[in-house]
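work-v7.cif (mmCIF, C-alpha atoms and all ligand atoms) appears below.
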data_run
#
loop_
_atom_site.label_atom_id
_atom_site.label_comp_id
_atom_site.auth_asym_id
_atom_site.auth_seq_id
_atom_site.Cartn_x
_atom_site.Cartn_y
_atom_site.Cartn_z
CA MET R 300 -74.80 207.38 -31.82
CA GLY R 301 -71.73 208.62 -33.75
CA ARG R 302 -71.17 210.11 -37.20
CA ILE R 303 -70.55 206.89 -39.15
CA TYR R 304 -73.53 205.18 -37.49
CA ASP R 305 -75.77 208.20 -38.19
CA ALA R 306 -74.70 208.38 -41.85
CA THR R 307 -75.32 204.66 -42.43
CA TRP R 308 -77.74 202.82 -40.13
CA GLY R 309 -79.25 206.10 -38.86
CA ARG R 310 -80.18 207.03 -42.42
CA ALA R 311 -81.53 203.52 -43.14
CA PHE R 312 -83.51 203.52 -39.85
CA ALA R 313 -85.34 206.70 -40.93
CA ALA R 314 -85.98 205.27 -44.40
CA LEU R 315 -87.37 201.99 -42.99
CA TYR R 316 -89.26 203.52 -40.05
CA ASP R 317 -92.80 203.71 -41.47
CA ARG R 318 -92.54 200.23 -43.00
CA SER R 319 -91.24 198.70 -39.78
CA PHE R 320 -94.13 200.18 -37.77
CA LYS R 321 -96.86 199.36 -40.31
CA ALA R 322 -98.00 196.10 -38.69
CA ALA R 323 -98.05 197.67 -35.20
CA GLU R 324 -99.98 200.72 -36.42
CA GLU R 325 -102.60 198.54 -38.09
CA ALA R 326 -102.85 196.23 -35.06
CA GLY R 327 -103.85 199.06 -32.69
CA LEU R 328 -100.96 201.49 -32.25
CA ARG R 329 -102.57 204.07 -34.54
CA GLU R 330 -105.75 203.94 -32.47
CA LEU R 331 -103.75 204.38 -29.25
CA ARG R 332 -101.95 207.36 -30.75
CA ARG R 333 -105.32 208.89 -31.65
CA ARG R 334 -106.60 208.32 -28.10
CA VAL R 335 -103.56 210.00 -26.54
CA LEU R 336 -103.60 212.92 -28.99
CA ALA R 337 -107.31 213.56 -28.34
CA GLY R 338 -106.14 215.48 -25.24
CA ALA R 339 -104.08 217.97 -27.27
CA GLY R 340 -105.22 221.57 -27.55
CA GLY R 341 -103.97 225.12 -28.03
CA ARG R 342 -100.30 225.54 -28.88
CA VAL R 343 -98.74 222.07 -29.19
CA LEU R 344 -95.11 220.92 -29.25
CA GLU R 345 -94.40 217.34 -30.34
CA LEU R 346 -90.98 216.02 -29.29
CA GLY R 347 -89.02 213.67 -31.59
CA ALA R 348 -91.81 213.62 -34.18
CA GLY R 349 -89.91 211.15 -36.40
CA THR R 350 -91.52 210.77 -39.82
CA GLY R 351 -94.78 212.40 -38.68
CA LEU R 352 -96.96 209.36 -37.92
CA ASN R 353 -99.04 211.44 -35.48
CA LEU R 354 -99.64 214.34 -37.80
CA ASP R 355 -103.09 213.53 -39.18
CA LEU R 356 -104.35 212.24 -35.79
CA TYR R 357 -104.44 215.59 -33.96
CA PRO R 358 -107.87 216.97 -33.04
CA THR R 359 -109.21 220.25 -34.42
CA GLU R 360 -108.68 221.97 -31.02
CA VAL R 361 -104.99 222.26 -31.90
CA GLU R 362 -104.29 225.86 -32.91
CA ASP R 363 -100.59 225.71 -33.61
CA LEU R 364 -98.38 222.64 -34.03
CA VAL R 365 -94.58 222.62 -33.74
CA LEU R 366 -92.80 219.35 -34.57
CA LEU R 367 -89.37 218.93 -33.03
CA GLU R 368 -86.89 216.48 -34.55
CA PRO R 369 -83.10 216.52 -34.04
CA ASP R 370 -82.20 213.72 -36.47
CA PRO R 371 -81.57 215.17 -39.96
CA HIS R 372 -82.72 212.00 -41.79
CA MET R 373 -85.98 211.90 -39.84
CA ALA R 374 -86.38 215.69 -40.14
CA LYS R 375 -86.16 215.51 -43.94
CA ARG R 376 -89.02 212.99 -44.03
CA LEU R 377 -90.94 214.97 -41.44
CA ARG R 378 -90.72 218.12 -43.59
CA ASP R 379 -92.12 216.18 -46.58
CA THR R 380 -95.02 214.89 -44.43
CA ALA R 381 -95.62 218.38 -43.01
CA GLU R 382 -95.67 219.98 -46.48
CA ALA R 383 -98.26 217.45 -47.67
CA SER R 384 -100.47 218.13 -44.65
CA PRO R 385 -103.44 220.53 -44.90
CA ARG R 386 -102.69 221.62 -41.31
CA PRO R 387 -100.24 224.50 -40.75
CA VAL R 388 -97.22 222.96 -39.02
CA SER R 389 -93.63 223.98 -38.45
CA VAL R 390 -90.61 221.72 -38.05
CA THR R 391 -87.70 222.61 -35.73
CA GLU R 392 -84.44 220.64 -35.68
CA ALA R 393 -83.43 220.55 -32.02
CA PRO R 394 -83.10 218.04 -29.16
CA ALA R 395 -85.63 217.82 -26.33
CA GLU R 396 -82.85 218.56 -23.84
CA ARG R 397 -82.35 222.09 -25.29
CA LEU R 398 -85.66 223.48 -26.47
CA PRO R 399 -85.31 226.72 -28.42
CA PHE R 400 -88.58 228.13 -27.04
CA ALA R 401 -89.56 230.64 -24.36
CA ASP R 402 -90.80 229.59 -20.91
CA ALA R 403 -94.54 228.72 -20.74
CA SER R 404 -95.00 228.92 -24.52
CA PHE R 405 -97.03 225.70 -25.06
CA ASP R 406 -100.34 224.32 -23.75
CA THR R 407 -99.51 220.72 -24.68
CA VAL R 408 -96.30 218.73 -25.17
CA VAL R 409 -96.54 215.33 -26.88
CA SER R 410 -94.05 212.47 -26.61
CA THR R 411 -94.76 209.18 -28.37
CA LEU R 412 -91.99 206.55 -28.32
CA VAL R 413 -89.37 209.25 -27.71
CA LEU R 414 -88.32 209.24 -24.03
CA CYS R 415 -86.79 205.78 -24.65
CA THR R 416 -84.34 207.38 -27.06
CA VAL R 417 -83.42 210.86 -25.78
CA PRO R 418 -79.87 210.66 -24.37
CA ASP R 419 -80.78 212.61 -21.19
CA PRO R 420 -84.45 212.06 -20.23
CA ALA R 421 -84.17 214.04 -16.95
CA ALA R 422 -82.91 217.11 -18.84
CA ALA R 423 -85.68 216.65 -21.44
CA MET R 424 -88.32 216.50 -18.66
CA THR R 425 -86.98 219.70 -17.08
CA GLU R 426 -87.01 221.44 -20.45
CA LEU R 427 -90.50 220.34 -21.42
CA ALA R 428 -91.80 221.44 -18.02
CA ARG R 429 -90.18 224.84 -18.59
CA VAL R 430 -91.92 225.42 -21.95
CA LEU R 431 -95.34 224.27 -20.67
CA GLU R 432 -97.81 226.84 -19.37
CA PRO R 433 -98.79 226.27 -15.70
CA GLY R 434 -101.71 223.82 -16.03
CA GLY R 435 -100.38 222.64 -19.42
CA ARG R 436 -100.07 218.90 -20.11
CA LEU R 437 -97.59 216.33 -21.30
CA LEU R 438 -99.35 213.60 -23.31
CA PHE R 439 -97.19 210.49 -23.47
CA LEU R 440 -97.19 207.06 -25.06
CA GLU R 441 -93.97 205.18 -24.26
CA HIS R 442 -92.66 201.64 -24.07
CA VAL R 443 -91.14 201.05 -20.64
CA ARG R 444 -89.18 198.78 -18.32
CA ALA R 445 -91.13 195.58 -17.57
CA GLU R 446 -92.63 195.02 -14.13
CA ASP R 447 -92.00 191.31 -14.55
CA PRO R 448 -88.45 190.77 -13.16
CA GLY R 449 -87.66 188.04 -15.72
CA LEU R 450 -88.53 190.25 -18.68
CA ALA R 451 -86.75 193.24 -17.08
CA ARG R 452 -83.58 191.11 -16.85
CA TRP R 453 -83.85 190.34 -20.58
CA GLN R 454 -84.33 194.05 -21.26
CA ASP R 455 -81.09 194.73 -19.34
CA ARG R 456 -79.21 191.94 -21.15
CA LEU R 457 -80.37 193.04 -24.60
CA GLU R 458 -80.22 196.80 -23.97
CA LYS R 459 -76.93 197.32 -25.89
CA PRO R 460 -77.69 195.35 -29.07
CA TRP R 461 -81.24 196.76 -29.11
CA ARG R 462 -79.90 200.30 -28.73
CA PHE R 463 -77.62 199.66 -31.71
CA LEU R 464 -80.46 198.30 -33.85
CA GLY R 465 -83.00 200.85 -32.62
CA ASP R 466 -81.08 204.06 -33.32
CA GLY R 467 -80.39 204.78 -29.65
CA CYS R 468 -83.57 203.28 -28.13
CA HIS R 469 -83.14 202.04 -24.52
CA CYS R 470 -85.56 199.14 -24.04
CA ASN R 471 -85.19 199.07 -20.22
CA ARG R 472 -86.07 202.63 -19.18
CA ASP R 473 -88.55 203.27 -16.38
CA THR R 474 -90.06 206.28 -18.11
CA VAL R 475 -93.08 206.58 -15.80
CA ALA R 476 -90.68 206.92 -12.83
CA ALA R 477 -88.77 209.59 -14.79
CA ILE R 478 -92.02 211.54 -15.27
CA GLU R 479 -92.86 211.12 -11.58
CA SER R 480 -89.51 212.53 -10.51
CA SER R 481 -89.78 215.48 -12.92
CA PRO R 482 -91.28 218.92 -12.19
CA LEU R 483 -94.61 217.61 -13.62
CA ARG R 484 -97.36 215.83 -11.66
CA LEU R 485 -98.36 212.47 -13.11
CA GLU R 486 -102.10 212.65 -13.60
CA ARG R 487 -103.12 209.44 -15.33
CA VAL R 488 -101.37 206.29 -16.60
CA GLU R 489 -102.86 203.44 -18.61
CA ARG R 490 -101.08 200.21 -19.38
CA GLY R 491 -101.01 197.89 -22.32
CA GLU R 492 -98.71 196.39 -24.90
CA LEU R 493 -97.08 197.64 -28.06
CA PRO R 494 -98.73 195.45 -30.69
CA LYS R 495 -96.63 193.26 -33.01
CA ALA R 496 -93.44 194.16 -31.11
CA PRO R 497 -90.65 192.00 -29.64
CA PRO R 498 -91.27 191.18 -25.93
CA ILE R 499 -88.51 193.56 -24.68
CA VAL R 500 -90.37 196.60 -26.05
CA LYS R 501 -93.93 195.37 -25.46
CA PRO R 502 -94.73 196.95 -22.06
CA LEU R 503 -96.48 200.22 -22.94
CA ARG R 504 -97.78 203.12 -20.84
CA TRP R 505 -99.75 206.14 -21.95
CA GLY R 506 -101.29 209.02 -20.07
CA THR R 507 -100.92 212.60 -18.97
CA ALA R 508 -98.81 214.67 -16.60
CA VAL R 509 -99.59 218.25 -15.67
CA ARG R 510 -97.35 221.28 -15.07
C1 LIG F 601 -88.82 205.61 -32.13
S1 LIG F 601 -88.76 207.18 -32.87
C2 LIG F 601 -90.40 207.81 -32.54
C3 LIG F 601 -90.89 208.75 -33.61
C4 LIG F 601 -92.30 209.30 -33.39
N1 LIG F 601 -92.41 210.05 -32.18
C5 LIG F 601 -93.34 208.20 -33.41
O1 LIG F 601 -94.17 208.13 -32.49
O2 LIG F 601 -93.37 207.44 -34.38
C6 LIG F 601 -87.76 208.11 -31.72
C7 LIG F 601 -87.57 209.55 -32.18
O3 LIG F 601 -86.91 210.30 -31.15
C8 LIG F 601 -86.00 211.18 -31.79
N2 LIG F 601 -84.98 211.63 -30.84
C9 LIG F 601 -83.79 211.06 -30.56
N3 LIG F 601 -83.10 211.81 -29.69
C10 LIG F 601 -83.88 212.87 -29.39
C11 LIG F 601 -83.72 214.02 -28.56
N4 LIG F 601 -82.61 214.21 -27.84
N5 LIG F 601 -84.73 214.92 -28.52
C12 LIG F 601 -85.86 214.73 -29.24
N6 LIG F 601 -86.06 213.67 -30.05
C13 LIG F 601 -85.09 212.76 -30.13
C14 LIG F 601 -85.44 210.33 -32.91
O4 LIG F 601 -84.76 211.11 -33.88
C15 LIG F 601 -86.70 209.67 -33.43
O5 LIG F 601 -87.35 210.47 -34.37
#
Written as structure tokens, that's how I'd like the structure from this file.
Amino acid sequence: MGRIYDATWGRAFAALYDRSFKAAEEAGLRELRRRVLAGAGGRVLELGAGTGLNLDLYPTEVEDLVLLEPDPHMAKRLRDTAEASPRPVSVTEAPAERLPFADASFDTVVSTLVLCTVPDPAAAMTELARVLEPGGRLLFLEHVRAEDPGLARWQDRLEKPWRFLGDGCHCNRDTVAAIESSPLRLERVERGELPKAPPIVKPLRWGTAVR
């Protein structure tokens, strides 16, 4: 978003993140995260892990967990969360569009509320497909563009101010279409709403796509 933005609002956004999501987590988001993460197994890469809200929700089938986070303010908090966790985890500061990992090195890639924010979602999809083993899965939970044309128009109108407030979050992205046009095969999608959220970021989809 720019250096001055990142040093001011970007820093505050990371500091306020857990508090601003508390009501949503308690109203059902945490349970949805748990449901999505239940499919994780083997070597797992989580994209844009933020402050680490998923960390204690992973099942025991996970053998190795790598948390990716390019934002230094988020990454600092993520490291603190990771150090306090009984689970062995590593944190890597890198963007989803340029993954510093070998081809086919993960069984699962996780993306929760991230594909709305990455600057180049198509490049991120290509990269995550590259690092997945054949047969490996993307587990996603993302807020998306509304199907209702009236709400979609509001998402388009408010995209810029929301992006400014939301540290780069695009409220009007059709992320399921982006997954469908990626090298992955969309396997399952469920639909619902992000609890306790403004209408423009309410439409929610979660599911799996396979390499
Ligand atoms: C709304 S937060 C979601 C955090 C976390 N995944 C969660 O579920 O609470 C969006 C995250 O995406 C990260 N992000 C932004 N650009 C990214 C990129 N190019 N690659 C990976 N993550 C990115 C942000 O730094 C932030 O941590």
Selection within 9 Å of ligand LIG 601 (chain F) by all atoms listed in the file, output as a short mmCIF file (atom, residue, chain, number, x, y, z; two decimals) with C-alpha atoms, keeping the file's coordinate frame:
data_model
loop_
_atom_site.label_atom_id
_atom_site.label_comp_id
_atom_site.auth_asym_id
_atom_site.auth_seq_id
_atom_site.Cartn_x
_atom_site.Cartn_y
_atom_site.Cartn_z
CA GLY R 309 -79.25 206.10 -38.86
CA ALA R 313 -85.34 206.70 -40.93
CA TYR R 316 -89.26 203.52 -40.05
CA ASP R 317 -92.80 203.71 -41.47
CA PHE R 320 -94.13 200.18 -37.77
CA ARG R 332 -101.95 207.36 -30.75
CA GLU R 345 -94.40 217.34 -30.34
CA LEU R 346 -90.98 216.02 -29.29
CA GLY R 347 -89.02 213.67 -31.59
CA ALA R 348 -91.81 213.62 -34.18
CA GLY R 349 -89.91 211.15 -36.40
CA THR R 350 -91.52 210.77 -39.82
CA GLY R 351 -94.78 212.40 -38.68
CA LEU R 352 -96.96 209.36 -37.92
CA ASN R 353 -99.04 211.44 -35.48
CA LEU R 367 -89.37 218.93 -33.03
CA GLU R 368 -86.89 216.48 -34.55
CA PRO R 369 -83.10 216.52 -34.04
CA ASP R 370 -82.20 213.72 -36.47
CA PRO R 371 -81.57 215.17 -39.96
CA HIS R 372 -82.72 212.00 -41.79
CA MET R 373 -85.98 211.90 -39.84
CA ALA R 374 -86.38 215.69 -40.14
CA GLU R 392 -84.44 220.64 -35.68
CA ALA R 393 -83.43 220.55 -32.02
CA PRO R 394 -83.10 218.04 -29.16
CA ALA R 395 -85.63 217.82 -26.33
CA GLU R 396 -82.85 218.56 -23.84
CA ARG R 397 -82.35 222.09 -25.29
CA LEU R 398 -85.66 223.48 -26.47
CA VAL R 409 -96.54 215.33 -26.88
CA SER R 410 -94.05 212.47 -26.61
CA THR R 411 -94.76 209.18 -28.37
CA LEU R 412 -91.99 206.55 -28.32
CA VAL R 413 -89.37 209.25 -27.71
CA LEU R 414 -88.32 209.24 -24.03
CA CYS R 415 -86.79 205.78 -24.65
CA THR R 416 -84.34 207.38 -27.06
CA VAL R 417 -83.42 210.86 -25.78
CA PRO R 418 -79.87 210.66 -24.37
CA ASP R 419 -80.78 212.61 -21.19
CA PRO R 420 -84.45 212.06 -20.23
CA ALA R 423 -85.68 216.65 -21.44
CA LEU R 440 -97.19 207.06 -25.06
CA GLU R 441 -93.97 205.18 -24.26
CA GLY R 465 -83.00 200.85 -32.62
CA ASP R 466 -81.08 204.06 -33.32
CA GLY R 467 -80.39 204.78 -29.65
CA CYS R 468 -83.57 203.28 -28.13
#
Original post:
What gap, in Å, lies between atom CA of Trp505 of chain R and atom CA of Ser481 of chain R?
Top reply: 16.4 Å
Subject >> Polymer residues at most 10 Å from Trp308 of chain R, all atoms listed in the file, same-chain spacing of 3 or more positions, as JSON, numbers by chain >> reply: {"R": [300, 303, 304, 305, 311, 312, 313, 314, 463, 464, 465, 466]}
Original post:
Quick one: residues within 12 Å of segment 335-337 of chain R, all atoms listed in the file counted, chain neighbours fewer than 6 positions away excluded, as a PyMOL selection string?
Top reply: chain R and resi 328-329+343-345+352-361+407-411+436-441+487-489+504-508
**OP:** For atom CA of Gly301 of chain R and atom CA of Arg376 of chain R, determine how far apart the two atoms are, in Å to one decimal place.
**Re:** 20.6 Å
